[in-house]
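Everything below belongs to model-v6.txt, which stores compact mmCIF, C-alpha atoms.
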# COMPACT_ATOMS: atom_id res chain seq x y z
CA THR A 1 0.00 0.00 0.00
CA PHE A 2 2.81 2.41 0.88
CA ILE A 3 4.66 1.61 -2.35
CA ASP A 4 1.53 1.79 -4.55
CA GLY A 5 0.61 5.11 -2.94
CA LYS A 6 4.15 6.38 -3.63
CA ILE A 7 4.56 7.14 0.07
CA ILE A 8 7.93 5.36 0.11
CA PRO A 9 10.19 3.85 -2.56
CA LYS A 10 10.40 0.08 -2.83
CA SER A 11 14.04 0.22 -1.70
CA LYS A 12 12.89 1.34 1.75
CA ALA A 13 10.20 -1.30 2.18
CA PHE A 14 10.65 -4.57 4.01
CA ILE A 15 8.00 -6.95 5.35
CA LEU A 16 8.82 -8.75 8.57
CA PRO A 17 7.79 -12.42 8.38
CA SER A 18 5.80 -11.98 11.63
CA GLU A 19 6.28 -10.72 15.16
CA GLY A 20 8.08 -14.00 15.85
CA ILE A 21 7.51 -16.59 18.53
CA ASP A 22 9.46 -17.92 21.50
CA ILE A 23 10.23 -21.45 20.34
CA THR A 24 11.61 -22.38 23.77
CA TYR A 25 8.25 -21.57 25.39
CA PHE A 26 6.15 -23.15 22.63
CA LYS A 27 8.05 -26.39 22.40
CA PRO A 28 7.01 -29.96 21.62
CA LEU A 29 5.66 -31.82 24.63
CA ALA A 30 5.08 -35.52 25.05
CA SER A 31 1.61 -36.27 23.78
CA ILE A 32 -0.92 -37.13 26.43
CA GLU A 33 -3.09 -40.19 26.09
CA LEU A 34 -6.00 -39.21 23.88
CA SER A 35 -9.26 -41.01 23.33
CA ASP A 36 -10.04 -42.60 20.00
CA ASP A 37 -11.57 -39.29 18.90
CA TYR A 38 -9.70 -36.90 16.64
CA THR A 39 -9.57 -33.62 18.52
CA PHE A 40 -9.52 -30.46 16.42
CA LEU A 41 -8.78 -27.19 18.21
CA PHE A 42 -10.11 -23.76 17.20
CA SER A 43 -8.57 -20.92 19.21
CA ALA A 44 -9.38 -17.29 18.40
CA ARG A 45 -11.75 -14.49 19.30
CA LEU A 46 -15.22 -15.87 18.75
CA ILE A 47 -16.17 -13.71 15.78
CA LEU A 48 -17.51 -14.82 12.41
CA ASP A 49 -14.48 -13.56 10.48
CA LYS A 50 -12.24 -16.05 12.26
CA GLY A 51 -14.20 -18.89 10.66
CA ILE A 52 -15.80 -20.35 13.75
CA GLU A 53 -19.05 -21.18 11.91
CA GLU A 54 -17.13 -23.02 9.22
CA PHE A 55 -15.19 -24.91 11.91
CA VAL A 56 -18.33 -26.04 13.73
CA HIS A 57 -20.15 -27.02 10.54
CA ALA A 58 -17.10 -28.96 9.28
CA ILE A 59 -17.01 -30.92 12.55
CA GLN A 60 -20.73 -31.63 12.10
CA LEU A 61 -20.15 -32.85 8.53
CA LEU A 62 -17.40 -35.22 9.68
CA HIS A 63 -19.61 -36.52 12.49
CA GLU A 64 -22.42 -37.16 10.00
CA LYS A 65 -19.96 -39.16 7.87
CA GLY A 66 -19.26 -41.40 10.85
CA TYR A 67 -15.93 -40.01 12.01
CA SER A 68 -15.25 -39.89 15.74
CA VAL A 69 -14.26 -36.25 16.09
CA VAL A 70 -14.34 -33.56 18.75
CA GLY A 71 -14.22 -29.83 18.06
CA ASN A 72 -12.71 -27.89 20.96
CA ILE A 73 -13.25 -24.13 20.99
CA VAL A 74 -11.06 -21.83 23.08
CA GLY A 75 -11.44 -18.08 22.94
CA PHE A 76 -12.95 -14.87 24.17
CA LEU A 77 -16.72 -14.56 23.68
CA ASP A 78 -16.86 -11.06 22.17
CA VAL A 79 -20.61 -10.44 22.35
CA SER A 80 -20.21 -6.65 21.97
CA ASN A 81 -18.69 -7.11 18.52
CA PRO A 82 -21.28 -6.90 15.68
CA LYS A 83 -19.70 -10.04 14.20
CA GLY A 84 -19.35 -11.78 17.55
CA ILE A 85 -20.95 -15.13 18.30
CA SER A 86 -23.82 -14.85 20.76
CA LYS A 87 -24.01 -16.93 23.92
CA GLU A 88 -27.22 -18.45 22.55
CA GLN A 89 -25.50 -19.55 19.35
CA LEU A 90 -22.59 -21.03 21.28
CA ASN A 91 -24.97 -22.86 23.62
CA ASP A 92 -26.83 -24.21 20.60
CA TRP A 93 -23.63 -25.59 19.07
CA THR A 94 -22.45 -27.15 22.31
CA GLN A 95 -25.70 -29.08 22.70
CA GLU A 96 -23.84 -31.60 20.55
CA SER A 97 -21.47 -33.66 22.69
CA TYR A 98 -18.72 -33.41 20.09
CA ILE A 99 -18.59 -29.57 20.16
CA LYS A 100 -17.00 -28.25 23.35
CA TYR A 101 -16.44 -24.66 24.49
CA LEU A 102 -13.51 -24.59 26.91
CA GLY A 103 -13.58 -20.86 27.72
CA SER A 104 -10.71 -18.41 27.30
CA THR A 105 -7.18 -18.84 28.61
CA THR A 106 -3.87 -17.07 29.14
CA ASP A 107 -1.94 -20.27 28.36
CA ILE A 108 -2.97 -22.10 25.21
CA ARG A 109 -0.23 -24.74 25.44
CA PRO A 110 -2.22 -27.41 27.35
CA TYR A 111 -5.03 -27.14 24.79
CA ILE A 112 -2.64 -27.43 21.85
CA ARG A 113 -0.97 -30.40 23.53
CA GLN A 114 -4.22 -32.33 23.88
CA SER A 115 -5.31 -31.69 20.27
CA SER A 116 -4.67 -33.77 17.19
CA CYS A 117 -4.64 -30.77 14.86
CA VAL A 118 -5.19 -27.00 15.14
CA VAL A 119 -7.69 -25.38 12.75
CA LEU A 120 -8.14 -21.69 11.89
CA PRO A 121 -10.50 -21.18 8.91
CA SER A 122 -10.13 -17.40 9.10
CA PHE A 123 -11.23 -14.96 6.41
CA TYR A 124 -10.23 -12.04 8.62
CA ARG A 125 -7.55 -9.69 7.28
CA GLU A 126 -4.87 -11.44 9.29
CA GLY A 127 -1.26 -10.68 9.99
CA VAL A 128 0.42 -13.99 10.77
CA PRO A 129 -1.87 -15.63 13.34
CA ARG A 130 -0.02 -16.47 16.54
CA ILE A 131 -2.12 -19.59 17.16
CA LEU A 132 -0.77 -21.14 13.96
CA LEU A 133 2.82 -20.33 14.94
CA GLU A 134 2.23 -21.66 18.45
CA ALA A 135 0.71 -24.90 17.17
CA ALA A 136 3.40 -25.50 14.56
CA SER A 137 6.12 -24.72 17.11
CA MET A 138 4.63 -27.42 19.35
CA GLU A 139 4.70 -29.93 16.46
CA LYS A 140 0.98 -29.90 15.80
CA PRO A 141 -0.28 -30.07 12.21
CA ILE A 142 -2.42 -27.09 11.20
CA ILE A 143 -5.29 -26.50 8.79
CA THR A 144 -6.07 -22.95 7.74
CA THR A 145 -7.38 -20.92 4.84
CA ASN A 146 -5.48 -19.86 1.76
CA ASN A 147 -5.71 -16.33 3.13
CA VAL A 148 -3.24 -13.51 3.66
CA GLY A 149 -1.08 -14.22 6.72
CA CYS A 150 -2.55 -17.66 7.34
CA ARG A 151 -0.92 -19.30 4.32
CA ASP A 152 2.51 -18.02 5.38
CA VAL A 153 2.67 -20.67 8.10
CA VAL A 154 1.65 -23.66 5.95
CA ASP A 155 3.56 -25.56 3.31
CA HIS A 156 0.55 -27.36 1.87
CA SER A 157 0.57 -31.12 2.51
CA GLN A 158 3.88 -30.78 4.37
CA ASN A 159 3.07 -29.34 7.80
CA GLY A 160 -0.67 -28.96 7.26
CA TYR A 161 -3.33 -28.11 4.70
CA LEU A 162 -4.76 -24.96 3.12
CA CYS A 163 -8.48 -24.82 2.41
CA ASN A 164 -10.63 -22.40 0.46
CA ILE A 165 -11.95 -19.33 2.23
CA ARG A 166 -15.53 -19.64 3.60
CA ASP A 167 -15.83 -23.16 2.21
CA THR A 168 -17.10 -25.57 4.87
CA LYS A 169 -17.00 -28.58 2.57
CA ASP A 170 -13.40 -27.97 1.54
CA LEU A 171 -12.43 -27.46 5.18
CA ALA A 172 -14.12 -30.74 6.13
CA ASP A 173 -12.36 -32.46 3.21
CA LYS A 174 -8.96 -31.27 4.48
CA MET A 175 -9.78 -32.38 8.02
CA GLU A 176 -10.86 -35.77 6.65
CA LYS A 177 -7.62 -35.97 4.70
CA PHE A 178 -5.71 -35.41 7.92
CA ILE A 179 -7.72 -38.08 9.76
CA ASN A 180 -6.89 -40.60 7.05
CA LEU A 181 -3.14 -40.10 7.36
CA SER A 182 -1.24 -42.74 9.29
CA SER A 183 -0.10 -41.78 12.79
CA GLN A 184 3.49 -41.63 11.51
CA GLN A 185 2.49 -39.26 8.72
CA GLN A 186 0.71 -37.04 11.23
CA ILE A 187 3.76 -36.99 13.50
CA LEU A 188 6.04 -36.14 10.56
CA MET A 189 3.69 -33.33 9.54
CA GLY A 190 4.00 -31.88 13.04
CA LYS A 191 7.79 -32.12 12.99
CA LYS A 192 7.95 -30.30 9.65
CA GLY A 193 5.87 -27.51 11.17
CA ARG A 194 8.36 -27.13 14.01
CA GLN A 195 11.25 -27.03 11.53
CA LYS A 196 9.49 -24.31 9.51
CA VAL A 197 8.98 -22.18 12.62
CA GLU A 198 12.62 -22.65 13.61
CA ARG A 199 13.76 -21.51 10.14
CA GLN A 200 11.39 -18.59 9.62
CA PHE A 201 9.56 -17.49 12.74
CA ASP A 202 11.90 -17.84 15.72
CA GLU A 203 11.60 -14.47 17.47
CA ARG A 204 15.39 -14.23 17.63
CA ILE A 205 15.40 -14.04 13.82
CA ILE A 206 12.79 -11.27 13.92
CA PHE A 207 14.66 -9.35 16.65
CA ASN A 208 17.76 -9.55 14.46
CA TYR A 209 15.85 -8.02 11.52
CA TYR A 210 14.77 -5.13 13.73
CA SER A 211 18.29 -4.67 15.04
CA GLN A 212 19.81 -4.66 11.56
CA CYS A 213 17.28 -2.11 10.27
CA ILE A 214 17.73 0.19 13.24
CA LYS A 215 21.52 0.10 12.98
CA ARG A 216 21.43 0.67 9.23
CA TYR A 217 19.13 3.68 9.37
CA ILE A 218 20.78 5.22 12.42
CA ALA A 219 24.07 4.95 10.55
Any chance you could give the structure as structure tokens?
Amino acid sequence: TFIDGKIIPKSKAFILPSEGIDITYFKPLASIELSDDYTFLFSARLILDKGIEEFVHAIQLLHEKGYSVVGNIVGFLDVSNPKGISKEQLNDWTQESYIKYLGSTTDIRPYIRQSSCVVLPSFYREGVPRILLEAASMEKPIITTNNVGCRDVVDHSQNGYLCNIRDTKDLADKMEKFINLSSQQQILMGKKGRQKVERQFDERIIFNYYSQCIKRYIA
């Protein structure tokens, strides 16, 4: 936008890959014993633009197809937001035993740890969503939309899957694809996510970018 508006020349523009993440804090943990269900985690503000409706409906589609799945929702219920999910809507969804609202939290790590896969079907104008970085850093496969910011964290079919924006069926298809991987393939997918975060999103790399830019322009 700045370049197109001729506010700055291209030579002075640089896009940071993200704000970075502490990979020593968000580290792989030994998996806890899970039930036979596949547990998909959605963690975000509970607004429509984050794709919560698509997430819930995709879980419902998988359940109708006979898959043993659970959709865990963690996030702030932002009822004052015009696009926020109402308490009534949330209560309606959680009438189904396989849709669970776990409240909000200041430490997402236990929820990531007990999930099979982290899902963010956002069509919000994202930066690089922290939940995707956190999940990948903890060796969890991720499924998200082919949307600005979101797609930066996913090498499709390597550490997760990209789905179409606002497309419940495509999201459910990608979740089904994940379910049908072998456990070894799922583990490898998680490890590739961790490697990607280490290469591109370690906050020490980002801090170094800042430092280099500051030193260059001060000089």
Checklist line | Close residues, range 68-84 of chain A itself excluded, 7 Å, all atoms listed in the file, min 2 positions apart in chain, as a ChimeraX atom specification | finding: /A:37-48,59,63,66,86,98-104
Item checked: Top pick for closest residue to Pro17 in chain A, considering A:Met175, A:Met189, A:Cys150, A:Ile143 and counting only C-alpha atoms -> A:Cys150
Item checked: Nearest-residue call for Gln195 in chain A, choices A:Pro28, A:Gly5, A:Pro129, A:Pro110, using only C-alpha atoms -> A:Pro28
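Taking CA of Ser122 in chain A as the reference point, CA of Leu90 in chain A is found at 17.8 Å.
Among the candidates A:Ala219, A:Ile23, A:Ile8, A:Leu62, the one nearest to Ala135 in chain A when counting all atoms listed in the file is A:Ile23.
Distances here use all atoms listed in the file; by that measure, the residue among A:Lys192, A:Arg113, A:Arg125, A:Arg166 closest to Lys27 in chain A is A:Arg113.
Nearest residue to Lys169 in chain A among A:Gln95, A:Ser18, A:Gln60, A:Ser182 is A:Gln60, counting only C-alpha atoms.
The nearest approach to Lys196 in chain A among the residues A:Glu176, A:Asp107, A:Glu139, A:Asp170, with all atoms listed in the file taken into account, belongs to A:Glu139.
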Can you tell me, as a PDB file with C-alpha atoms, keeping the file's coordinate frame, which residues sit within 8 Å of (-0.8, -31.2, 26.8) in the file's frame, using all atoms listed in the file?
ATOM      1  CA  LEU A  29       5.660 -31.820  24.630  1.00  0.00           C
ATOM      2  CA  ALA A  30       5.080 -35.520  25.050  1.00  0.00           C
ATOM      3  CA  SER A  31       1.610 -36.270  23.780  1.00  0.00           C
ATOM      4  CA  ILE A  32      -0.920 -37.130  26.430  1.00  0.00           C
ATOM      5  CA  ARG A 109      -0.230 -24.740  25.440  1.00  0.00           C
ATOM      6  CA  PRO A 110      -2.220 -27.410  27.350  1.00  0.00           C
ATOM      7  CA  TYR A 111      -5.030 -27.140  24.790  1.00  0.00           C
ATOM      8  CA  ILE A 112      -2.640 -27.430  21.850  1.00  0.00           C
ATOM      9  CA  ARG A 113      -0.970 -30.400  23.530  1.00  0.00           C
ATOM     10  CA  GLN A 114      -4.220 -32.330  23.880  1.00  0.00           C
ATOM     11  CA  SER A 115      -5.310 -31.690  20.270  1.00  0.00           C
TER      12      SER A 115
END
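Atom pair CA of Asn147 in chain A / CA of Tyr67 in chain A: separated by 27.3 Å.
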